[in-house]
Amino acid sequence: MSFAVQNYFRHLKLANCSRNEVRIISKFFLHCSARQRQNEGGEKKPTVNFVGPPDTPKSIAKQDLISRAMLTYLERKQKVDEFKQINADEFDLGRRHLANIMGIEEDEMTSEKIREALSYLMPSSLSNRKARPLLEPPEYYFPQNVGNQFDVTGRPYHFLYYTYKANYYGLMHDLALKLETLKRLNFGLSHTNQEQGRTKVGVEWISFNKFVELFPEEKVTEHDYRRFLVLVERIDDHPLGQKYQDFLDQYRITLKPKSESFKLIQPLIDEDGREYVKNSGKRKTSEATVKLFNHGHGNININGKDITYFKDIMHRQAILAPLQLCGVVDKFDIEANVMVSAGPSADAGAIRIAVAKSLACFVPDDMKEHLRIAGYLTVDPRRRERKKAGQEGARMKFPWKKR
Amino acid sequence: MAASMKNIFQPVSRLLLRKNPGLSVVCTRGSVYDQSYLETSKTLEEIKRPLAEDDIRRFRKIKAANTDDNTFADSDVVVGKLINMITKCGRKEVARDIVMKALEYVKRVQVEKYHKASDEEKTLIVLDPVKILHQAIENGKPLLITCRVTMSGQKHLVPIAPSERRQNFLSLKWLVSAGGDKPHRVRFHDKLGQEILNAFNEEGGLIQRKQEMHKICEAHKAYAHLK
């Protein structure tokens, strides 16, 4: 790989480019990311007519139109193409050689087979995948569109080309223009008669990963994404933001109601012919399993004891809270087993989540939604906060003493 | 969407996990929940009311309920706050016991009054101690409070209008401190019950404290323009 890079630059130098051009191209080369590699071949930019604009009359000689910048550019392009061809040949040779070693037909040596063969022949324990041995076609390493970004006069097509993120900044430029337009329209209007910009419920801005996919050839960072969000939300919140809602909708996704994603378990039948659902729950480090019996009488059994397993009334209420919300305290039996106990609060929390999850399998849909809104179907992710060095505890400091 | 930007109390480490993070971030203390989570609905009425088509609770995750969040008949938001305020060293069961005894005291007094009253007066007497507590807290809310502002090296007390949250907090705090102001032999829950009843009738320690605060605000009204 390193040899390939050196070779690449040597060719570039041969092509008599200016220092600035070398810097740009090398930077472009370094920015060539894995993302770009995945998307290669999918979208190709239209090939550029180097000779001149399509309307140029044919009577003008070709040579006249080609400027000096164009000449150097074409020279450079030729060198790069040659270099790519050499690399492609080398890759093909390597591929055939590998096929020979592995005893596979040449035609069957696909990229997957190559990867398998390399991991077999040269097993690497390096954790970074990029550092492991690799055999890929030259398109994998080198940017595809280095050549055709400039026009005849040597100027880039996109006015934001030198930002390296032409499309991203192009979008930001559009958004900023829209916001300025809104501000201008809003100027001098009274606030009472305006159509209020509304934030839509049930929709969300596209996630970072989706956003990145919009710009396959550019390295868009988390920070760029946040700047995009700030701008977009400002337009959305603007009193006249309704004007550009259709444009903003391109960058939104519709959320599904959470009630559609319930995972329900089919009730099982006991030896005695009773319907039950078994579930487990966790809270802090407590773990509990609960069998919730349908058609019960409100009997409770926790580790062989009844509800007096908990001394405090708060914890007793906690485990019955989901049943009480649905009004079925005396219609279900609870059989709980606390495997790991971390104190009464944690035990009660572990039992409660298991009871609520089981109960959701028996009750109608609207009650499931009640259980969810009341927070009984959410696993409590809070944990004990660690003690800090130089402090009494997690938050508490040592008492201050002058000396 | 806009609301998500307003919450700036997120640590930097969680910045990348957040759904709609803002640009400027002031980090103080963190939360395990990311910004997409919503608070739980606490009261029975709030939970059972049918959800509108565009209710945000349909689409978002909800935080887990706390251990003391339930919809039993005796659960109440203000009573819960009072219990939490009285709790010392994590002994919540003791605090709950005190508050329940104080409410029992209120109930006893009101029932006694009820039986002694004539038929006309009976309709005016409130017997529910929780309702009395609510009214007492409502009566104890200060309309103005002071805050310190440093101007050219001098500290001034500046009267400001408190938020409702702050009003509730101060009212509860003054109620508890008024309950603690008692002779040695008197039990705390009895004195707390008395104070609740007194505040309900617009008198006693809580109301006195509120009026003192209003007096201070009156005395410093010259600085009201500072904030």
# chains A, B, ... in the order shown; residues from 1 in each chain; ligands from 1
>>> interface_residues(of="chain B", to="chain A", cutoff="7 Å", atoms="only C-alpha atoms", output="list in words")
Met1, Ala2, Pro21, Gly22, Leu23, Val32, Thr40, Ser41, Lys42, Ile47, Lys48, Asp54, Ile56, Arg58, Phe59, Arg60, Ile62, Lys63, Ala64, Ala65, Thr67, Asp68, Asn70, Thr71 and Glu93 of chain B
>>> residues_around(residues="Asn168 of chain B", least_positions_apart="6", cutoff="12 Å", atoms="only C-alpha atoms", output="compact mmCIF listing (two decimals) with all heavy atoms, in the first residue's frame")
# COMPACT_ATOMS: atom_id res chain seq x y z
N VAL B 77 -49.06 13.90 44.73
CA VAL B 77 -47.79 14.54 44.36
C VAL B 77 -47.27 15.43 45.49
O VAL B 77 -46.10 15.36 45.86
CB VAL B 77 -47.97 15.38 43.08
CG1 VAL B 77 -46.67 16.06 42.71
CG2 VAL B 77 -48.42 14.50 41.93
N VAL B 78 -48.17 16.24 46.08
CA VAL B 78 -47.73 17.18 47.12
C VAL B 78 -47.31 16.41 48.38
O VAL B 78 -46.29 16.74 49.01
CB VAL B 78 -48.86 18.18 47.44
CG1 VAL B 78 -48.43 19.12 48.55
CG2 VAL B 78 -49.22 18.96 46.20
N LYS B 81 -43.94 15.04 47.83
CA LYS B 81 -42.91 16.08 47.96
C LYS B 81 -42.61 16.36 49.43
O LYS B 81 -41.46 16.53 49.83
CB LYS B 81 -43.38 17.37 47.30
CG LYS B 81 -43.33 17.36 45.80
CD LYS B 81 -41.95 17.74 45.31
CE LYS B 81 -41.88 17.53 43.81
NZ LYS B 81 -40.52 17.40 43.32
N LEU B 82 -43.71 16.43 50.22
CA LEU B 82 -43.54 16.72 51.65
C LEU B 82 -42.74 15.62 52.32
O LEU B 82 -41.84 15.88 53.14
CB LEU B 82 -44.92 16.89 52.31
CG LEU B 82 -44.94 17.32 53.76
CD1 LEU B 82 -44.23 18.64 53.95
CD2 LEU B 82 -46.36 17.40 54.27
N MET B 85 -39.17 15.93 51.50
CA MET B 85 -38.55 17.07 52.16
C MET B 85 -38.22 16.76 53.62
O MET B 85 -37.23 17.27 54.16
CB MET B 85 -39.48 18.27 52.07
CG MET B 85 -38.78 19.56 52.29
SD MET B 85 -39.56 20.86 51.37
CE MET B 85 -38.79 20.68 49.80
N HIS B 134 -53.16 20.74 50.43
CA HIS B 134 -53.02 21.45 49.15
C HIS B 134 -53.31 22.94 49.32
O HIS B 134 -52.57 23.80 48.85
CB HIS B 134 -54.00 20.86 48.11
CG HIS B 134 -53.53 19.60 47.49
ND1 HIS B 134 -53.61 19.37 46.15
CD2 HIS B 134 -52.97 18.50 48.03
CE1 HIS B 134 -53.11 18.17 45.89
NE2 HIS B 134 -52.73 17.62 47.02
N GLN B 135 -54.40 23.23 50.05
CA GLN B 135 -54.80 24.62 50.23
C GLN B 135 -53.77 25.37 51.08
O GLN B 135 -53.45 26.53 50.82
CB GLN B 135 -56.20 24.68 50.89
CG GLN B 135 -56.81 26.06 50.95
CD GLN B 135 -56.90 26.71 49.57
OE1 GLN B 135 -57.38 26.08 48.63
NE2 GLN B 135 -56.44 27.95 49.46
N ALA B 136 -53.23 24.66 52.10
CA ALA B 136 -52.23 25.27 52.97
C ALA B 136 -50.99 25.67 52.17
O ALA B 136 -50.45 26.77 52.34
CB ALA B 136 -51.84 24.30 54.09
N ILE B 137 -50.55 24.76 51.29
CA ILE B 137 -49.38 25.05 50.46
C ILE B 137 -49.69 26.22 49.51
O ILE B 137 -48.86 27.11 49.29
CB ILE B 137 -48.96 23.80 49.66
CG1 ILE B 137 -48.55 22.66 50.59
CG2 ILE B 137 -47.81 24.12 48.70
CD1 ILE B 137 -47.38 22.94 51.45
N GLU B 138 -50.90 26.23 49.00
CA GLU B 138 -51.32 27.30 48.10
C GLU B 138 -51.29 28.65 48.82
O GLU B 138 -50.83 29.65 48.28
CB GLU B 138 -52.75 26.99 47.60
CG GLU B 138 -53.24 27.85 46.46
CD GLU B 138 -52.47 27.61 45.19
OE1 GLU B 138 -52.08 26.46 44.94
OE2 GLU B 138 -52.23 28.60 44.46
N ASN B 139 -51.75 28.63 50.10
CA ASN B 139 -51.77 29.86 50.89
C ASN B 139 -50.36 30.35 51.22
O ASN B 139 -50.14 31.53 51.43
CB ASN B 139 -52.54 29.66 52.20
CG ASN B 139 -54.02 29.46 51.94
OD1 ASN B 139 -54.50 29.71 50.83
ND2 ASN B 139 -54.73 28.98 52.93
N GLY B 140 -49.42 29.40 51.33
CA GLY B 140 -48.07 29.77 51.75
C GLY B 140 -47.17 30.22 50.63
O GLY B 140 -46.02 30.59 50.86
N LYS B 141 -47.64 30.20 49.39
CA LYS B 141 -46.78 30.57 48.25
C LYS B 141 -46.45 32.05 48.27
O LYS B 141 -47.36 32.89 48.29
CB LYS B 141 -47.50 30.26 46.94
CG LYS B 141 -47.46 28.82 46.51
CD LYS B 141 -48.17 28.69 45.19
CE LYS B 141 -48.23 27.27 44.73
NZ LYS B 141 -48.98 27.16 43.47
N PRO B 142 -45.19 32.40 48.27
CA PRO B 142 -44.83 33.83 48.22
C PRO B 142 -45.03 34.38 46.80
O PRO B 142 -44.77 33.70 45.82
CB PRO B 142 -43.35 33.83 48.59
CG PRO B 142 -42.86 32.49 48.17
CD PRO B 142 -44.01 31.54 48.30
N LEU B 143 -45.47 35.62 46.72
CA LEU B 143 -45.67 36.26 45.42
C LEU B 143 -44.39 36.90 44.91
O LEU B 143 -44.17 37.04 43.73
CB LEU B 143 -46.77 37.31 45.50
CG LEU B 143 -48.14 36.77 45.89
CD1 LEU B 143 -49.12 37.91 46.07
CD2 LEU B 143 -48.65 35.81 44.85
N PRO B 162 -41.08 34.76 41.67
CA PRO B 162 -40.57 33.39 41.56
C PRO B 162 -41.40 32.55 40.58
O PRO B 162 -42.55 32.87 40.31
CB PRO B 162 -40.72 32.85 42.98
CG PRO B 162 -41.87 33.60 43.54
CD PRO B 162 -41.85 34.96 42.90
N TRP B 174 -40.91 26.17 54.18
CA TRP B 174 -41.31 26.97 55.33
C TRP B 174 -42.29 26.22 56.21
O TRP B 174 -42.28 26.37 57.43
CB TRP B 174 -41.93 28.29 54.85
CG TRP B 174 -40.95 29.21 54.19
CD1 TRP B 174 -39.60 29.16 54.33
CD2 TRP B 174 -41.23 30.27 53.30
NE1 TRP B 174 -39.01 30.14 53.57
CE2 TRP B 174 -39.99 30.85 52.93
CE3 TRP B 174 -42.39 30.81 52.77
CZ2 TRP B 174 -39.89 31.92 52.07
CZ3 TRP B 174 -42.29 31.90 51.91
CH2 TRP B 174 -41.04 32.44 51.56
N LEU B 175 -43.12 25.39 55.60
CA LEU B 175 -44.05 24.58 56.39
C LEU B 175 -43.29 23.62 57.30
O LEU B 175 -43.58 23.50 58.49
CB LEU B 175 -44.98 23.79 55.46
CG LEU B 175 -45.99 22.88 56.14
CD1 LEU B 175 -47.02 23.70 56.88
CD2 LEU B 175 -46.65 21.96 55.15
>>> select_by_dssp(residues="segment 62-268 of chain A", states="strand (DSSP E)", output="VMD selection string")
chain A and resid 203 to 205 252 to 254 268
>>> write_last_selection(atoms="all heavy atoms", output="PDB file, in the first residue's frame")
ATOM      1  N   VAL A 203     -42.524  13.225  13.818  1.00  0.00           N
ATOM      2  CA  VAL A 203     -41.455  13.202  12.821  1.00  0.00           C
ATOM      3  C   VAL A 203     -40.153  13.614  13.500  1.00  0.00           C
ATOM      4  O   VAL A 203     -40.159  14.259  14.543  1.00  0.00           O
ATOM      5  CB  VAL A 203     -41.715  14.136  11.625  1.00  0.00           C
ATOM      6  CG1 VAL A 203     -42.824  13.613  10.768  1.00  0.00           C
ATOM      7  CG2 VAL A 203     -42.019  15.535  12.093  1.00  0.00           C
ATOM      8  N   GLU A 204     -39.058  13.224  12.898  1.00  0.00           N
ATOM      9  CA  GLU A 204     -37.764  13.519  13.496  1.00  0.00           C
ATOM     10  C   GLU A 204     -36.796  13.831  12.371  1.00  0.00           C
ATOM     11  O   GLU A 204     -36.983  13.368  11.242  1.00  0.00           O
ATOM     12  CB  GLU A 204     -37.277  12.276  14.253  1.00  0.00           C
ATOM     13  CG  GLU A 204     -36.588  12.586  15.543  1.00  0.00           C
ATOM     14  CD  GLU A 204     -36.296  11.303  16.290  1.00  0.00           C
ATOM     15  OE1 GLU A 204     -35.795  10.353  15.671  1.00  0.00           O
ATOM     16  OE2 GLU A 204     -36.578  11.251  17.481  1.00  0.00           O
ATOM     17  N   TRP A 205     -35.761  14.587  12.669  1.00  0.00           N
ATOM     18  CA  TRP A 205     -34.732  14.823  11.649  1.00  0.00           C
ATOM     19  C   TRP A 205     -33.985  13.538  11.398  1.00  0.00           C
ATOM     20  O   TRP A 205     -33.867  12.690  12.282  1.00  0.00           O
ATOM     21  CB  TRP A 205     -33.764  15.922  12.113  1.00  0.00           C
ATOM     22  CG  TRP A 205     -34.423  17.229  12.377  1.00  0.00           C
ATOM     23  CD1 TRP A 205     -34.503  17.858  13.585  1.00  0.00           C
ATOM     24  CD2 TRP A 205     -35.141  18.048  11.452  1.00  0.00           C
ATOM     25  NE1 TRP A 205     -35.213  19.026  13.453  1.00  0.00           N
ATOM     26  CE2 TRP A 205     -35.622  19.167  12.147  1.00  0.00           C
ATOM     27  CE3 TRP A 205     -35.422  17.945  10.099  1.00  0.00           C
ATOM     28  CZ2 TRP A 205     -36.359  20.169  11.544  1.00  0.00           C
ATOM     29  CZ3 TRP A 205     -36.158  18.947   9.501  1.00  0.00           C
ATOM     30  CH2 TRP A 205     -36.621  20.046  10.218  1.00  0.00           C
ATOM     31  N   ARG A 252     -36.561  14.633   6.932  1.00  0.00           N
ATOM     32  CA  ARG A 252     -37.306  14.139   8.092  1.00  0.00           C
ATOM     33  C   ARG A 252     -37.644  12.675   7.901  1.00  0.00           C
ATOM     34  O   ARG A 252     -37.758  12.203   6.776  1.00  0.00           O
ATOM     35  CB  ARG A 252     -38.609  14.912   8.252  1.00  0.00           C
ATOM     36  CG  ARG A 252     -38.456  16.251   8.909  1.00  0.00           C
ATOM     37  CD  ARG A 252     -39.828  16.804   9.182  1.00  0.00           C
ATOM     38  NE  ARG A 252     -39.738  17.981   9.998  1.00  0.00           N
ATOM     39  CZ  ARG A 252     -40.214  19.168   9.621  1.00  0.00           C
ATOM     40  NH1 ARG A 252     -40.816  19.298   8.465  1.00  0.00           N
ATOM     41  NH2 ARG A 252     -40.112  20.208  10.425  1.00  0.00           N
ATOM     42  N   ILE A 253     -37.822  11.995   9.031  1.00  0.00           N
ATOM     43  CA  ILE A 253     -38.376  10.645   8.964  1.00  0.00           C
ATOM     44  C   ILE A 253     -39.610  10.598   9.853  1.00  0.00           C
ATOM     45  O   ILE A 253     -39.681  11.291  10.863  1.00  0.00           O
ATOM     46  CB  ILE A 253     -37.370   9.558   9.405  1.00  0.00           C
ATOM     47  CG1 ILE A 253     -36.681   9.976  10.709  1.00  0.00           C
ATOM     48  CG2 ILE A 253     -36.362   9.273   8.338  1.00  0.00           C
ATOM     49  CD1 ILE A 253     -35.945   8.857  11.358  1.00  0.00           C
ATOM     50  N   THR A 254     -40.569   9.779   9.471  1.00  0.00           N
ATOM     51  CA  THR A 254     -41.795   9.640  10.262  1.00  0.00           C
ATOM     52  C   THR A 254     -41.585   8.565  11.313  1.00  0.00           C
ATOM     53  O   THR A 254     -41.076   7.487  11.019  1.00  0.00           O
ATOM     54  CB  THR A 254     -42.965   9.242   9.349  1.00  0.00           C
ATOM     55  OG1 THR A 254     -42.888  10.031   8.183  1.00  0.00           O
ATOM     56  CG2 THR A 254     -44.294   9.461  10.044  1.00  0.00           C
ATOM     57  N   LEU A 268     -48.558 -19.515  28.550  1.00  0.00           N
ATOM     58  CA  LEU A 268     -48.379 -20.958  28.618  1.00  0.00           C
ATOM     59  C   LEU A 268     -49.429 -21.556  29.552  1.00  0.00           C
ATOM     60  O   LEU A 268     -50.094 -20.842  30.298  1.00  0.00           O
ATOM     61  CB  LEU A 268     -46.972 -21.281  29.140  1.00  0.00           C
ATOM     62  CG  LEU A 268     -45.807 -20.712  28.336  1.00  0.00           C
ATOM     63  CD1 LEU A 268     -44.510 -20.904  29.096  1.00  0.00           C
ATOM     64  CD2 LEU A 268     -45.741 -21.356  26.965  1.00  0.00           C
TER      65      LEU A 268
END
>>> select_by_dssp(residues="segment 45-135 of chain B", states="helix (DSSP H, G or I)", output="PyMOL selection string")
chain B and resi 45-48+56-58+77-86+92-116+119-122+129-135
>>> closest_residue(among="A:Asn337, A:Ser125, A:Ser280, A:Asn209", to="Asn303 of chain A", atoms="only C-alpha atoms")
A:Asn337
>>> residues_around(residues="Val329 of chain A", least_positions_apart="6", cutoff="12 Å", atoms="only C-alpha atoms", output="PyMOL selection string")
(chain A and resi 292-300+317+319-323+355+359) or (chain B and resi 72)
>>> atom_distance(atom1="atom CA of Asp76 of chain B", atom2="atom CA of Gly90 of chain B")
19.7 Å
>>> atom_distance(atom1="atom CA of Arg148 of chain B", atom2="atom CA of Leu206 of chain B")
22.8 Å
>>> residues_around(residues="Lys113 of chain B", least_positions_apart="5", cutoff="12 Å", atoms="only C-alpha atoms", output="list in words")
Val106, Lys107, Arg108, Ser118, Asp119, Glu121, Lys122, Thr123, Leu124, Ile125, Val126 and Leu127 of chain B
>>> write_last_selection(atoms="C-alpha atoms", output="JSON list (two decimals), in the first residue's frame")
[["chain", "number", "residue", "atom", "x", "y", "z"],
["B", 106, "VAL", "CA", -55.63, 17.17, 60.79],
["B", 107, "LYS", "CA", -58.40, 14.71, 60.11],
["B", 108, "ARG", "CA", -59.13, 14.24, 63.83],
["B", 118, "SER", "CA", -74.42, 23.06, 63.45],
["B", 119, "ASP", "CA", -75.98, 21.67, 60.28],
["B", 121, "GLU", "CA", -71.68, 25.00, 59.20],
["B", 122, "LYS", "CA", -71.12, 21.32, 58.47],
["B", 123, "THR", "CA", -71.23, 21.84, 54.72],
["B", 124, "LEU", "CA", -68.40, 24.39, 54.90],
["B", 125, "ILE", "CA", -65.96, 22.16, 56.82],
["B", 126, "VAL", "CA", -63.37, 20.35, 54.69],
["B", 127, "LEU", "CA", -62.66, 16.87, 56.01]]
>>> closest_residue(among="B:Lys131, B:Lys210, B:Arg96, B:His115", to="Leu170 of chain B", atoms="only C-alpha atoms")
B:Lys210
>>> atom_distance(atom1="atom CA of Ala354 of chain A", atom2="atom CA of Gly281 of chain A")
4.7 Å
>>> residues_around(residues="segment 176-178 of chain B", least_positions_apart="3", cutoff="6 Å", atoms="only C-alpha atoms", output="MDAnalysis selection string")
chainID B and resid 173 181 205
>>> write_last_selection(atoms="N, CA, C and O atoms", output="tab-separated table (two decimals), in the first residue's frame")
chain	number	residue	atom	x	y	z
B	173	LYS	N	-40.95	24.17	52.21
B	173	LYS	CA	-39.78	24.30	53.09
B	173	LYS	C	-40.16	25.07	54.36
B	173	LYS	O	-39.80	24.67	55.47
B	181	ASP	N	-40.25	24.31	64.64
B	181	ASP	CA	-40.15	25.36	65.65
B	181	ASP	C	-41.16	25.07	66.76
B	181	ASP	O	-42.31	25.51	66.70
B	205	GLY	N	-47.09	29.87	61.40
B	205	GLY	CA	-45.68	30.08	61.03
B	205	GLY	C	-45.45	30.25	59.54
B	205	GLY	O	-44.67	31.09	59.11
>>> decode(residues="segment 148-181 of chain B", atoms="N, CA and C atoms", output="PDB file, in the first residue's frame")
ATOM      1  N   ARG B 148     -29.920  37.942  45.446  1.00  0.00           N
ATOM      2  CA  ARG B 148     -28.782  38.849  45.629  1.00  0.00           C
ATOM      3  C   ARG B 148     -28.181  39.211  44.275  1.00  0.00           C
ATOM      4  N   VAL B 149     -27.956  40.501  44.096  1.00  0.00           N
ATOM      5  CA  VAL B 149     -27.308  40.970  42.875  1.00  0.00           C
ATOM      6  C   VAL B 149     -26.150  41.872  43.281  1.00  0.00           C
ATOM      7  N   THR B 150     -24.971  41.594  42.742  1.00  0.00           N
ATOM      8  CA  THR B 150     -23.813  42.426  43.065  1.00  0.00           C
ATOM      9  C   THR B 150     -23.675  43.531  42.020  1.00  0.00           C
ATOM     10  N   MET B 151     -23.761  44.780  42.504  1.00  0.00           N
ATOM     11  CA  MET B 151     -23.600  45.924  41.600  1.00  0.00           C
ATOM     12  C   MET B 151     -22.469  46.786  42.136  1.00  0.00           C
ATOM     13  N   SER B 152     -21.440  46.978  41.359  1.00  0.00           N
ATOM     14  CA  SER B 152     -20.269  47.761  41.729  1.00  0.00           C
ATOM     15  C   SER B 152     -19.789  47.439  43.151  1.00  0.00           C
ATOM     16  N   GLY B 153     -19.620  46.150  43.402  1.00  0.00           N
ATOM     17  CA  GLY B 153     -19.058  45.709  44.662  1.00  0.00           C
ATOM     18  C   GLY B 153     -20.019  45.658  45.830  1.00  0.00           C
ATOM     19  N   GLN B 154     -21.228  46.168  45.624  1.00  0.00           N
ATOM     20  CA  GLN B 154     -22.202  46.133  46.721  1.00  0.00           C
ATOM     21  C   GLN B 154     -23.287  45.126  46.421  1.00  0.00           C
ATOM     22  N   LYS B 155     -23.647  44.382  47.458  1.00  0.00           N
ATOM     23  CA  LYS B 155     -24.695  43.387  47.249  1.00  0.00           C
ATOM     24  C   LYS B 155     -26.048  44.006  47.563  1.00  0.00           C
ATOM     25  N   HIS B 156     -26.989  43.796  46.700  1.00  0.00           N
ATOM     26  CA  HIS B 156     -28.343  44.291  46.913  1.00  0.00           C
ATOM     27  C   HIS B 156     -29.320  43.126  46.911  1.00  0.00           C
ATOM     28  N   LEU B 157     -30.342  43.259  47.734  1.00  0.00           N
ATOM     29  CA  LEU B 157     -31.445  42.290  47.675  1.00  0.00           C
ATOM     30  C   LEU B 157     -32.462  42.813  46.672  1.00  0.00           C
ATOM     31  N   VAL B 158     -32.696  42.034  45.644  1.00  0.00           N
ATOM     32  CA  VAL B 158     -33.588  42.486  44.586  1.00  0.00           C
ATOM     33  C   VAL B 158     -34.851  41.632  44.572  1.00  0.00           C
ATOM     34  N   PRO B 159     -36.016  42.255  44.691  1.00  0.00           N
ATOM     35  CA  PRO B 159     -37.251  41.458  44.633  1.00  0.00           C
ATOM     36  C   PRO B 159     -37.534  40.973  43.209  1.00  0.00           C
ATOM     37  N   ILE B 160     -37.850  39.666  43.095  1.00  0.00           N
ATOM     38  CA  ILE B 160     -38.214  39.110  41.788  1.00  0.00           C
ATOM     39  C   ILE B 160     -39.449  38.218  41.947  1.00  0.00           C
ATOM     40  N   ALA B 161     -40.129  37.974  40.859  1.00  0.00           N
ATOM     41  CA  ALA B 161     -41.290  37.078  40.883  1.00  0.00           C
ATOM     42  C   ALA B 161     -40.798  35.644  40.704  1.00  0.00           C
ATOM     43  N   PRO B 162     -41.080  34.757  41.668  1.00  0.00           N
ATOM     44  CA  PRO B 162     -40.573  33.390  41.565  1.00  0.00           C
ATOM     45  C   PRO B 162     -41.395  32.554  40.583  1.00  0.00           C
ATOM     46  N   SER B 163     -40.779  31.479  40.091  1.00  0.00           N
ATOM     47  CA  SER B 163     -41.523  30.529  39.261  1.00  0.00           C
ATOM     48  C   SER B 163     -42.445  29.711  40.153  1.00  0.00           C
ATOM     49  N   GLU B 164     -43.374  29.001  39.548  1.00  0.00           N
ATOM     50  CA  GLU B 164     -44.325  28.223  40.341  1.00  0.00           C
ATOM     51  C   GLU B 164     -43.621  27.108  41.101  1.00  0.00           C
ATOM     52  N   ARG B 165     -42.630  26.528  40.444  1.00  0.00           N
ATOM     53  CA  ARG B 165     -41.841  25.466  41.063  1.00  0.00           C
ATOM     54  C   ARG B 165     -41.159  25.973  42.333  1.00  0.00           C
ATOM     55  N   ARG B 166     -40.590  27.172  42.234  1.00  0.00           N
ATOM     56  CA  ARG B 166     -39.894  27.773  43.367  1.00  0.00           C
ATOM     57  C   ARG B 166     -40.890  28.132  44.470  1.00  0.00           C
ATOM     58  N   GLN B 167     -42.036  28.639  44.061  1.00  0.00           N
ATOM     59  CA  GLN B 167     -43.082  28.964  45.040  1.00  0.00           C
ATOM     60  C   GLN B 167     -43.469  27.737  45.846  1.00  0.00           C
ATOM     61  N   ASN B 168     -43.711  26.620  45.136  1.00  0.00           N
ATOM     62  CA  ASN B 168     -44.088  25.378  45.809  1.00  0.00           C
ATOM     63  C   ASN B 168     -43.007  24.926  46.771  1.00  0.00           C
ATOM     64  N   PHE B 169     -41.767  25.010  46.298  1.00  0.00           N
ATOM     65  CA  PHE B 169     -40.648  24.559  47.114  1.00  0.00           C
ATOM     66  C   PHE B 169     -40.546  25.372  48.400  1.00  0.00           C
ATOM     67  N   LEU B 170     -40.610  26.710  48.251  1.00  0.00           N
ATOM     68  CA  LEU B 170     -40.466  27.566  49.430  1.00  0.00           C
ATOM     69  C   LEU B 170     -41.598  27.347  50.415  1.00  0.00           C
ATOM     70  N   SER B 171     -42.805  27.193  49.876  1.00  0.00           N
ATOM     71  CA  SER B 171     -43.970  26.979  50.742  1.00  0.00           C
ATOM     72  C   SER B 171     -43.810  25.708  51.567  1.00  0.00           C
ATOM     73  N   LEU B 172     -43.356  24.628  50.882  1.00  0.00           N
ATOM     74  CA  LEU B 172     -43.136  23.361  51.585  1.00  0.00           C
ATOM     75  C   LEU B 172     -42.014  23.486  52.598  1.00  0.00           C
ATOM     76  N   LYS B 173     -40.951  24.167  52.213  1.00  0.00           N
ATOM     77  CA  LYS B 173     -39.785  24.299  53.091  1.00  0.00           C
ATOM     78  C   LYS B 173     -40.158  25.073  54.360  1.00  0.00           C
ATOM     79  N   TRP B 174     -40.907  26.166  54.182  1.00  0.00           N
ATOM     80  CA  TRP B 174     -41.309  26.971  55.331  1.00  0.00           C
ATOM     81  C   TRP B 174     -42.286  26.216  56.214  1.00  0.00           C
ATOM     82  N   LEU B 175     -43.116  25.387  55.596  1.00  0.00           N
ATOM     83  CA  LEU B 175     -44.047  24.579  56.390  1.00  0.00           C
ATOM     84  C   LEU B 175     -43.289  23.619  57.297  1.00  0.00           C
ATOM     85  N   VAL B 176     -42.259  22.964  56.732  1.00  0.00           N
ATOM     86  CA  VAL B 176     -41.480  22.012  57.515  1.00  0.00           C
ATOM     87  C   VAL B 176     -40.719  22.730  58.614  1.00  0.00           C
ATOM     88  N   SER B 177     -40.136  23.887  58.300  1.00  0.00           N
ATOM     89  CA  SER B 177     -39.361  24.599  59.317  1.00  0.00           C
ATOM     90  C   SER B 177     -40.283  25.163  60.400  1.00  0.00           C
ATOM     91  N   ALA B 178     -41.501  25.557  60.012  1.00  0.00           N
ATOM     92  CA  ALA B 178     -42.467  26.014  61.010  1.00  0.00           C
ATOM     93  C   ALA B 178     -42.876  24.866  61.925  1.00  0.00           C
ATOM     94  N   GLY B 179     -42.961  23.663  61.351  1.00  0.00           N
ATOM     95  CA  GLY B 179     -43.273  22.478  62.159  1.00  0.00           C
ATOM     96  C   GLY B 179     -42.158  22.158  63.135  1.00  0.00           C
ATOM     97  N   GLY B 180     -40.920  22.453  62.757  1.00  0.00           N
ATOM     98  CA  GLY B 180     -39.786  22.146  63.620  1.00  0.00           C
ATOM     99  C   GLY B 180     -39.636  23.140  64.759  1.00  0.00           C
ATOM    100  N   ASP B 181     -40.254  24.308  64.642  1.00  0.00           N
ATOM    101  CA  ASP B 181     -40.145  25.356  65.654  1.00  0.00           C
ATOM    102  C   ASP B 181     -41.160  25.075  66.757  1.00  0.00           C
TER     103      ASP B 181
END
